[in-house]
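Just target_2.cif here, mmCIF, C-alpha atoms:
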```cif
data_target
#
loop_
_atom_site.label_atom_id
_atom_site.label_comp_id
_atom_site.auth_asym_id
_atom_site.auth_seq_id
_atom_site.Cartn_x
_atom_site.Cartn_y
_atom_site.Cartn_z
CA MET B 51 100.06 6.22 38.25
CA ARG B 52 99.42 3.75 41.06
CA ILE B 53 95.84 2.81 41.96
CA ASP B 54 94.89 0.77 45.04
CA ILE B 55 91.35 -0.59 45.31
CA LEU B 56 89.84 -1.64 48.63
CA THR B 57 86.85 -3.91 47.97
CA LEU B 58 84.82 -6.84 49.20
CA HIS B 59 84.87 -8.34 45.70
CA PRO B 60 88.39 -8.16 44.20
CA ALA B 61 87.59 -10.83 41.59
CA MET B 62 85.18 -8.44 39.87
CA PHE B 63 88.12 -6.39 38.60
CA THR B 64 89.99 -9.20 36.85
CA GLY B 65 88.43 -8.89 33.40
CA PRO B 66 87.84 -5.13 33.08
CA LEU B 67 91.30 -4.19 34.36
CA THR B 68 93.32 -6.77 32.46
CA GLU B 69 91.91 -6.41 28.94
CA SER B 70 92.18 -3.84 26.16
CA ILE B 71 93.74 -0.43 26.86
CA LEU B 72 93.99 -0.89 30.63
CA GLY B 73 95.71 -4.25 30.22
CA ARG B 74 98.25 -2.81 27.79
CA ALA B 75 98.81 0.21 30.03
CA GLN B 76 99.77 -2.08 32.91
CA GLU B 77 102.03 -4.18 30.71
CA ALA B 78 103.79 -0.97 29.66
CA ASN B 79 104.17 0.08 33.32
CA LEU B 80 102.15 3.24 32.70
CA VAL B 81 99.71 2.38 35.46
CA GLU B 82 99.92 -0.09 38.33
CA ILE B 83 96.67 -1.39 39.84
CA HIS B 84 96.38 -3.33 43.11
CA THR B 85 93.19 -4.84 44.52
CA HIS B 86 92.85 -5.51 48.25
CA ASP B 87 90.19 -7.68 49.89
CA LEU B 88 88.58 -5.77 52.77
CA ARG B 89 87.90 -9.07 54.53
CA ASP B 90 91.64 -9.47 55.09
CA TRP B 91 91.15 -6.87 57.83
CA GLY B 92 87.86 -8.34 59.07
CA ILE B 93 87.25 -9.00 62.75
CA GLY B 94 87.18 -12.43 64.40
CA ASN B 95 87.13 -15.93 62.97
CA TYR B 96 84.53 -14.96 60.38
CA HIS B 97 86.37 -11.80 59.27
CA GLN B 98 83.35 -9.61 60.00
CA VAL B 99 83.41 -6.28 58.15
CA ASP B 100 79.93 -4.91 58.88
CA ASP B 101 77.40 -4.50 61.67
CA GLU B 102 73.88 -3.24 62.34
CA PRO B 103 73.40 0.55 62.20
CA TYR B 104 72.96 2.48 65.43
CA GLY B 105 69.44 3.85 65.62
CA GLY B 106 68.00 0.88 63.77
CA GLY B 107 67.01 0.51 60.15
CA ALA B 108 67.45 -1.96 57.33
CA GLY B 109 70.78 -3.16 56.05
CA MET B 110 74.29 -3.29 57.43
CA VAL B 111 77.08 -0.71 57.70
CA ILE B 112 80.78 -1.32 57.05
CA ARG B 113 82.76 -0.82 60.24
CA VAL B 114 85.19 2.01 60.87
CA ASP B 115 87.57 -0.30 62.77
CA VAL B 116 87.90 -2.45 59.64
CA VAL B 117 88.25 0.20 56.96
CA VAL B 118 90.69 2.50 58.74
CA PRO B 119 93.27 -0.22 59.54
CA ALA B 120 92.91 -1.44 55.94
CA ILE B 121 93.59 2.01 54.48
CA GLU B 122 96.53 2.62 56.78
CA SER B 123 97.98 -0.82 56.07
CA ILE B 124 97.72 -0.40 52.28
CA ILE B 125 99.49 2.94 52.47
CA SER B 126 102.21 1.56 54.72
CA GLN B 127 102.78 -1.49 52.51
CA ALA B 128 102.96 0.63 49.36
CA LYS B 129 105.66 2.79 50.91
CA GLU B 130 107.72 -0.30 51.73
CA GLU B 131 107.47 -1.84 48.26
CA SER B 132 110.25 -1.44 45.74
CA GLY B 133 108.29 -2.40 42.63
CA LYS B 134 107.61 -0.61 39.40
CA TRP B 135 105.78 2.25 41.10
CA LYS B 136 107.70 2.84 44.30
CA VAL B 137 105.92 5.70 46.07
CA ASP B 138 107.48 8.61 47.90
CA LYS B 139 107.54 7.83 51.63
CA GLU B 140 106.29 11.35 52.31
CA LYS B 141 103.40 11.07 49.85
CA MET B 142 99.83 10.07 50.61
CA PRO B 143 97.36 8.67 48.08
CA TYR B 144 94.28 10.66 47.15
CA ARG B 145 91.58 8.60 48.86
CA ILE B 146 88.21 8.36 47.12
CA TYR B 147 85.06 6.71 48.44
CA LEU B 148 82.73 5.59 45.63
CA SER B 149 79.39 6.65 47.03
CA ALA B 150 75.91 7.38 45.64
CA ARG B 151 75.88 10.67 47.54
CA GLY B 152 79.23 11.86 46.23
CA GLU B 153 79.97 14.48 43.59
CA THR B 154 78.92 13.22 40.15
CA LEU B 155 81.93 12.24 38.07
CA LYS B 156 82.37 14.52 35.05
CA GLN B 157 85.13 15.01 32.52
CA GLU B 158 86.61 17.99 34.38
CA LYS B 159 87.03 15.83 37.50
CA VAL B 160 88.53 13.00 35.45
CA GLU B 161 91.10 15.36 33.96
CA SER B 162 92.00 16.89 37.31
CA LEU B 163 92.44 13.50 38.99
CA SER B 164 94.80 12.43 36.22
CA ALA B 165 96.77 15.68 36.21
CA GLU B 166 97.03 16.28 39.95
CA HIS B 167 97.53 12.81 41.41
CA ASP B 168 99.84 9.90 40.66
CA TRP B 169 98.47 7.70 43.47
CA LEU B 170 94.77 6.96 44.06
CA LEU B 171 93.20 4.77 46.73
CA LEU B 172 89.60 3.80 45.96
CA LEU B 173 87.22 2.52 48.62
CA CYS B 174 84.25 0.56 47.27
CA GLY B 175 81.21 0.83 49.49
CA HIS B 176 78.65 -1.93 50.02
CA TYR B 177 75.48 -2.70 51.98
CA GLU B 178 74.06 0.57 53.40
CA GLY B 179 77.46 2.25 53.14
CA ILE B 180 80.34 2.93 55.50
CA ASP B 181 80.50 4.31 59.02
CA GLN B 182 80.49 8.10 58.57
CA ARG B 183 83.44 8.47 60.95
CA ILE B 184 85.70 7.14 58.17
CA VAL B 185 84.91 10.32 56.25
CA GLU B 186 84.69 12.66 59.24
CA GLY B 187 88.01 11.39 60.61
CA GLY B 188 89.91 12.42 57.50
CA TRP B 189 90.60 8.98 56.04
CA ILE B 190 88.70 9.89 52.87
CA ASP B 191 89.54 12.94 50.72
CA GLU B 192 86.52 12.93 48.42
CA GLU B 193 83.28 11.05 47.70
CA ILE B 194 82.47 10.43 44.04
CA SER B 195 79.37 9.05 42.34
CA ILE B 196 78.99 8.03 38.69
CA GLY B 197 75.33 9.00 38.49
CA ASP B 198 72.05 9.60 40.27
CA TYR B 199 71.15 5.97 40.77
CA VAL B 200 72.01 3.22 43.24
CA LEU B 201 74.23 0.22 42.50
CA THR B 202 74.92 -2.85 44.60
CA GLY B 203 78.41 -1.65 45.45
CA GLY B 204 81.24 0.65 44.53
CA GLU B 205 83.07 -1.80 42.30
CA LEU B 206 81.48 -0.80 38.99
CA PRO B 207 81.91 2.93 39.73
CA ALA B 208 85.57 2.26 40.59
CA MET B 209 86.07 0.56 37.22
CA VAL B 210 84.46 3.51 35.44
CA LEU B 211 86.67 6.00 37.26
CA ILE B 212 89.85 4.00 36.59
CA ASP B 213 89.07 3.64 32.90
CA ALA B 214 88.26 7.33 32.50
CA VAL B 215 91.33 8.55 34.42
CA ALA B 216 93.79 6.14 32.81
CA ARG B 217 92.99 7.47 29.34
CA HIS B 218 94.66 10.74 30.31
CA ILE B 219 97.93 9.20 31.44
CA PRO B 220 100.57 10.02 28.80
CA GLY B 221 101.20 7.02 26.57
CA VAL B 222 98.08 5.03 27.49
CA LEU B 223 96.27 5.93 24.25
CA GLY B 224 97.94 5.53 20.89
CA LYS B 225 97.88 9.22 20.01
CA ALA B 226 98.05 12.18 22.37
CA GLU B 227 95.12 13.84 20.60
CA SER B 228 92.90 10.77 21.18
CA ALA B 229 92.02 11.97 24.68
CA HIS B 230 92.42 15.65 23.79
CA GLU B 231 89.46 15.75 21.39
CA GLU B 232 86.91 13.48 23.01
CA SER B 233 83.35 14.15 24.12
CA PHE B 234 83.21 16.64 27.01
CA SER B 235 86.90 17.58 26.66
CA SER B 236 87.93 21.23 26.97
CA ALA B 237 89.07 21.12 23.33
CA LEU B 238 85.43 20.53 22.33
CA ASP B 239 84.05 23.10 24.79
CA ARG B 240 82.74 20.25 26.97
CA LYS B 241 80.30 19.25 24.22
CA LYS B 242 79.60 15.85 22.71
CA GLU B 243 81.99 14.76 19.98
CA TYR B 244 81.16 15.09 16.28
CA PRO B 245 80.08 11.99 14.25
CA HIS B 246 82.68 9.76 12.59
CA TYR B 247 82.63 7.91 9.25
CA THR B 248 84.91 5.43 7.47
CA ARG B 249 84.86 3.20 4.36
CA PRO B 250 82.81 2.46 2.35
CA ASP B 251 81.73 5.99 1.46
CA ASP B 252 78.37 4.71 0.19
CA TYR B 253 76.61 1.87 2.04
CA GLN B 254 73.15 0.91 0.80
CA GLY B 255 72.51 4.51 -0.18
CA HIS B 256 73.79 5.97 3.10
CA LYS B 257 76.64 8.27 2.09
CA VAL B 258 79.49 9.91 3.94
CA PRO B 259 79.07 13.72 4.00
CA GLU B 260 80.80 15.19 0.95
CA VAL B 261 82.84 17.64 3.00
CA LEU B 262 84.71 14.77 4.67
CA LEU B 263 85.76 13.47 1.26
CA SER B 264 86.86 16.87 -0.01
CA GLY B 265 90.31 17.00 1.57
CA HIS B 266 89.60 20.64 2.48
CA HIS B 267 90.81 20.70 6.10
CA ALA B 268 89.37 24.10 7.02
CA GLU B 269 85.91 23.10 5.77
CA ILE B 270 86.17 19.74 7.54
CA GLU B 271 87.09 21.49 10.81
CA LYS B 272 84.15 23.88 10.40
CA TRP B 273 81.76 20.98 9.71
CA ARG B 274 82.96 19.14 12.79
CA LYS B 275 82.49 22.18 15.02
CA ASP B 276 78.97 22.63 13.65
CA GLN B 277 78.14 19.05 14.68
CA LEU B 278 79.05 19.50 18.34
CA SER B 279 76.15 19.31 20.76
#
```
Show me, as structure tokens, the structure contained in the file I just sent.
Amino acid sequence: MRIDILTLHPAMFTGPLTESILGRAQEANLVEIHTHDLRDWGIGNYHQVDDEPYGGGAGMVIRVDVVVPAIESIISQAKEESGKWKVDKEKMPYRIYLSARGETLKQEKVESLSAEHDWLLLLCGHYEGIDQRIVEGGWIDEEISIGDYVLTGGELPAMVLIDAVARHIPGVLGKAESAHEESFSSALDRKKEYPHYTRPDDYQGHKVPEVLLSGHHAEIEKWRKDQLS
């Protein structure tokens, strides 16, 4: 999968996207992530990306004539590259705007994004948001939120979405069943995962449930299903 991120703060992604599972996934060429600084398409000597909202009000709005050229340029450049994830010249990325008013991200959406798309372009909002014509004009396919609260920008939501989606790319996790039987997965009827225990089996009087020590797989499976919530 290829993921392009359009943001005002590309440095924010350095740690989260280069460590742990996501870092190893990129090293293994299972996912390719590119960050793009929106100010590279800014207007004038000061690379302006925002302006006052028509109709008045507090805050600033990101300009349509900055975002649209940026999106189109990223897509064009990707189609000309010959790197690890060379994209089909006829293909378009699935373009997502991380927005507080978007559909709340849930496991079903995570799974569908991973299964149905091999190229995502994420737009991170800021200030009071983006000019609505970017959405109305068809340059955005879907708006997604990570919860009913407001953040400073779309960078943290983008990281959450990338982490959640990448887990479902074949080979990213050590075992195929690692993502198959997680909280909110279809295998667990979209319920929270059962509790886990490991050694020692008795710690300061707190003991591992006997059924997990029994070796009786059918009883263990039944116990785990009973713990789902």
Using all atoms listed in the file, I'd like a table of the residues in segment 58-170 of chain B that come within 12 Å of segment 205-219 of chain B; for each, show the closest atom pair and its distance in Å rounded to one decimal, ordered by chain and ascending number, as JSON lines.
```
{"residue": "B:Leu58", "atom": "CA", "partner": "B:Glu205", "partner_atom": "CA", "distance": 8.7}
{"residue": "B:His59", "atom": "CA", "partner": "B:Glu205", "partner_atom": "CA", "distance": 7.6}
{"residue": "B:Pro60", "atom": "CA", "partner": "B:Glu205", "partner_atom": "CA", "distance": 8.5}
{"residue": "B:Ala61", "atom": "CA", "partner": "B:Glu205", "partner_atom": "CA", "distance": 10.1}
{"residue": "B:Met62", "atom": "CA", "partner": "B:Glu205", "partner_atom": "CA", "distance": 7.4}
{"residue": "B:Phe63", "atom": "CA", "partner": "B:Met209", "partner_atom": "CA", "distance": 7.4}
{"residue": "B:Thr64", "atom": "CA", "partner": "B:Met209", "partner_atom": "CA", "distance": 10.5}
{"residue": "B:Gly65", "atom": "CA", "partner": "B:Met209", "partner_atom": "CA", "distance": 10.5}
{"residue": "B:Pro66", "atom": "CA", "partner": "B:Met209", "partner_atom": "CA", "distance": 7.3}
{"residue": "B:Leu67", "atom": "CA", "partner": "B:Met209", "partner_atom": "CA", "distance": 7.6}
{"residue": "B:Thr68", "atom": "CA", "partner": "B:Asp213", "partner_atom": "CA", "distance": 11.3}
{"residue": "B:Glu69", "atom": "CA", "partner": "B:Asp213", "partner_atom": "CA", "distance": 11.2}
{"residue": "B:Ser70", "atom": "CA", "partner": "B:Asp213", "partner_atom": "CA", "distance": 10.5}
{"residue": "B:Ile71", "atom": "CA", "partner": "B:Arg217", "partner_atom": "CA", "distance": 8.3}
{"residue": "B:Leu72", "atom": "CA", "partner": "B:Asp213", "partner_atom": "CA", "distance": 7.1}
{"residue": "B:Gly73", "atom": "CA", "partner": "B:Asp213", "partner_atom": "CA", "distance": 10.7}
{"residue": "B:Arg74", "atom": "CA", "partner": "B:Ala216", "partner_atom": "CA", "distance": 11.2}
{"residue": "B:Ala75", "atom": "CA", "partner": "B:Ala216", "partner_atom": "CA", "distance": 8.3}
{"residue": "B:Gln76", "atom": "CA", "partner": "B:Ala216", "partner_atom": "CA", "distance": 10.2}
{"residue": "B:Ala78", "atom": "CA", "partner": "B:Ile219", "partner_atom": "CA", "distance": 11.9}
{"residue": "B:Asn79", "atom": "CA", "partner": "B:Ile219", "partner_atom": "CA", "distance": 11.2}
{"residue": "B:Leu80", "atom": "CA", "partner": "B:Ile219", "partner_atom": "CA", "distance": 7.4}
{"residue": "B:Val81", "atom": "CA", "partner": "B:Ala216", "partner_atom": "CA", "distance": 7.5}
{"residue": "B:Glu82", "atom": "CA", "partner": "B:Ala216", "partner_atom": "CA", "distance": 10.3}
{"residue": "B:Ile83", "atom": "CA", "partner": "B:Ile212", "partner_atom": "CA", "distance": 9.3}
{"residue": "B:His84", "atom": "CA", "partner": "B:Ile212", "partner_atom": "CA", "distance": 11.8}
{"residue": "B:Thr85", "atom": "CA", "partner": "B:Glu205", "partner_atom": "CA", "distance": 10.8}
{"residue": "B:Asp87", "atom": "CA", "partner": "B:Glu205", "partner_atom": "CA", "distance": 12.0}
{"residue": "B:Ile146", "atom": "CA", "partner": "B:Ala208", "partner_atom": "CA", "distance": 9.3}
{"residue": "B:Tyr147", "atom": "CA", "partner": "B:Ala208", "partner_atom": "CA", "distance": 9.0}
{"residue": "B:Leu148", "atom": "CA", "partner": "B:Pro207", "partner_atom": "CA", "distance": 6.5}
{"residue": "B:Ser149", "atom": "CA", "partner": "B:Pro207", "partner_atom": "CA", "distance": 8.6}
{"residue": "B:Ala150", "atom": "CA", "partner": "B:Pro207", "partner_atom": "CA", "distance": 9.5}
{"residue": "B:Gly152", "atom": "CA", "partner": "B:Pro207", "partner_atom": "CA", "distance": 11.4}
{"residue": "B:Thr154", "atom": "CA", "partner": "B:Pro207", "partner_atom": "CA", "distance": 10.7}
{"residue": "B:Leu155", "atom": "CA", "partner": "B:Leu211", "partner_atom": "CA", "distance": 7.9}
{"residue": "B:Lys156", "atom": "CA", "partner": "B:Ala214", "partner_atom": "CA", "distance": 9.6}
{"residue": "B:Gln157", "atom": "CA", "partner": "B:Ala214", "partner_atom": "CA", "distance": 8.3}
{"residue": "B:Glu158", "atom": "CA", "partner": "B:Val215", "partner_atom": "CA", "distance": 10.6}
{"residue": "B:Lys159", "atom": "CA", "partner": "B:Val215", "partner_atom": "CA", "distance": 9.0}
{"residue": "B:Val160", "atom": "CA", "partner": "B:Val215", "partner_atom": "CA", "distance": 5.4}
{"residue": "B:Glu161", "atom": "CA", "partner": "B:Val215", "partner_atom": "CA", "distance": 6.8}
{"residue": "B:Ser162", "atom": "CA", "partner": "B:Val215", "partner_atom": "CA", "distance": 8.9}
{"residue": "B:Leu163", "atom": "CA", "partner": "B:Val215", "partner_atom": "CA", "distance": 6.8}
{"residue": "B:Ser164", "atom": "CA", "partner": "B:Val215", "partner_atom": "CA", "distance": 5.5}
{"residue": "B:Ala165", "atom": "CA", "partner": "B:His218", "partner_atom": "CA", "distance": 8.0}
{"residue": "B:Glu166", "atom": "CA", "partner": "B:Val215", "partner_atom": "CA", "distance": 11.1}
{"residue": "B:His167", "atom": "CA", "partner": "B:Val215", "partner_atom": "CA", "distance": 10.3}
{"residue": "B:Asp168", "atom": "CA", "partner": "B:Ile219", "partner_atom": "CA", "distance": 9.4}
{"residue": "B:Trp169", "atom": "CA", "partner": "B:Val215", "partner_atom": "CA", "distance": 11.6}
{"residue": "B:Leu170", "atom": "CA", "partner": "B:Ile212", "partner_atom": "CA", "distance": 9.4}
```
Output file for the residues above (C-alpha atoms, as an mmCIF file, in the frame of the given file):
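Output (again-v4.cif):
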```cif
data_model
loop_
_atom_site.group_PDB
_atom_site.id
_atom_site.type_symbol
_atom_site.label_atom_id
_atom_site.label_comp_id
_atom_site.auth_asym_id
_atom_site.auth_seq_id
_atom_site.Cartn_x
_atom_site.Cartn_y
_atom_site.Cartn_z
ATOM 1 C CA LEU B 58 84.820 -6.840 49.200
ATOM 2 C CA HIS B 59 84.870 -8.340 45.700
ATOM 3 C CA PRO B 60 88.390 -8.160 44.200
ATOM 4 C CA ALA B 61 87.590 -10.830 41.590
ATOM 5 C CA MET B 62 85.180 -8.440 39.870
ATOM 6 C CA PHE B 63 88.120 -6.390 38.600
ATOM 7 C CA THR B 64 89.990 -9.200 36.850
ATOM 8 C CA GLY B 65 88.430 -8.890 33.400
ATOM 9 C CA PRO B 66 87.840 -5.130 33.080
ATOM 10 C CA LEU B 67 91.300 -4.190 34.360
ATOM 11 C CA THR B 68 93.320 -6.770 32.460
ATOM 12 C CA GLU B 69 91.910 -6.410 28.940
ATOM 13 C CA SER B 70 92.180 -3.840 26.160
ATOM 14 C CA ILE B 71 93.740 -0.430 26.860
ATOM 15 C CA LEU B 72 93.990 -0.890 30.630
ATOM 16 C CA GLY B 73 95.710 -4.250 30.220
ATOM 17 C CA ARG B 74 98.250 -2.810 27.790
ATOM 18 C CA ALA B 75 98.810 0.210 30.030
ATOM 19 C CA GLN B 76 99.770 -2.080 32.910
ATOM 20 C CA ALA B 78 103.790 -0.970 29.660
ATOM 21 C CA ASN B 79 104.170 0.080 33.320
ATOM 22 C CA LEU B 80 102.150 3.240 32.700
ATOM 23 C CA VAL B 81 99.710 2.380 35.460
ATOM 24 C CA GLU B 82 99.920 -0.090 38.330
ATOM 25 C CA ILE B 83 96.670 -1.390 39.840
ATOM 26 C CA HIS B 84 96.380 -3.330 43.110
ATOM 27 C CA THR B 85 93.190 -4.840 44.520
ATOM 28 C CA ASP B 87 90.190 -7.680 49.890
ATOM 29 C CA ILE B 146 88.210 8.360 47.120
ATOM 30 C CA TYR B 147 85.060 6.710 48.440
ATOM 31 C CA LEU B 148 82.730 5.590 45.630
ATOM 32 C CA SER B 149 79.390 6.650 47.030
ATOM 33 C CA ALA B 150 75.910 7.380 45.640
ATOM 34 C CA GLY B 152 79.230 11.860 46.230
ATOM 35 C CA THR B 154 78.920 13.220 40.150
ATOM 36 C CA LEU B 155 81.930 12.240 38.070
ATOM 37 C CA LYS B 156 82.370 14.520 35.050
ATOM 38 C CA GLN B 157 85.130 15.010 32.520
ATOM 39 C CA GLU B 158 86.610 17.990 34.380
ATOM 40 C CA LYS B 159 87.030 15.830 37.500
ATOM 41 C CA VAL B 160 88.530 13.000 35.450
ATOM 42 C CA GLU B 161 91.100 15.360 33.960
ATOM 43 C CA SER B 162 92.000 16.890 37.310
ATOM 44 C CA LEU B 163 92.440 13.500 38.990
ATOM 45 C CA SER B 164 94.800 12.430 36.220
ATOM 46 C CA ALA B 165 96.770 15.680 36.210
ATOM 47 C CA GLU B 166 97.030 16.280 39.950
ATOM 48 C CA HIS B 167 97.530 12.810 41.410
ATOM 49 C CA ASP B 168 99.840 9.900 40.660
ATOM 50 C CA TRP B 169 98.470 7.700 43.470
ATOM 51 C CA LEU B 170 94.770 6.960 44.060
#
```
For segment 176-179 of chain B: contacts at 7 Å, all atoms listed in the file, fewer than 5 positions along chain excluded, given as a PDB file with C-alpha atoms, in the coordinates of the input:
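The new file selection.pdb reads:
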```pdb
ATOM      1  CA  GLY B 109      70.780  -3.160  56.050  1.00  0.00           C
ATOM      2  CA  MET B 110      74.290  -3.290  57.430  1.00  0.00           C
ATOM      3  CA  VAL B 111      77.080  -0.710  57.700  1.00  0.00           C
ATOM      4  CA  ILE B 112      80.780  -1.320  57.050  1.00  0.00           C
ATOM      5  CA  THR B 202      74.920  -2.850  44.600  1.00  0.00           C
ATOM      6  CA  GLY B 203      78.410  -1.650  45.450  1.00  0.00           C
ATOM      7  CA  GLY B 204      81.240   0.650  44.530  1.00  0.00           C
TER       8      GLY B 204
END
```
Coordinates-based distance that separates atom CA of Gly175 of chain B from atom CA of Ile93 of chain B (Å, one decimal):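 For atom CA of Ile93 of chain B relative to atom CA of Gly175 of chain B, the distance reads 17.6 Å.
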Minimum-distance residue to Pro103 of chain B, chosen among B:Asp138, B:Ile180, B:Glu243, B:His266 (using all atoms listed in the file): B:Ile180
Counting all atoms listed in the file, the option among B:Ala268, B:Val114, B:Leu223, B:Val137 closest to Gln98 of chain B: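 Residue with the minimum atom-to-atom distance to Gln98 of chain B: B:Val114.
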Who sits within 8 Å of Leu278 of chain B, only C-alpha atoms, same chain under 2 positions skipped, as a ChimeraX atom specification: /B:238,241-244,274-276
Nearest to Met142 of chain B, chosen from B:Trp91, B:Arg113, B:Asp54, B:Gly197, with only C-alpha atoms counted in the distances: B:Asp54
Matched chain/residue IDs from the PyMOL selection byres ((chain B and resi 139) around 9), as a list of chain:residue names: B:Ser126, B:Ala128, B:Lys129, B:Glu130, B:Lys136, B:Val137, B:Asp138, B:Glu140, B:Lys141, B:Met142
Residue neighbourhood Ile184 of chain B, 9 Å, only C-alpha atoms, exclusion window fewer than 2 positions, as a PyMOL selection string: chain B and resi 113-115+117-118+180-182+186-190
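Our summary of the geometry notes that atom CA of Asp100 of chain B is positioned 19.8 Å from atom CA of Glu193 of chain B.
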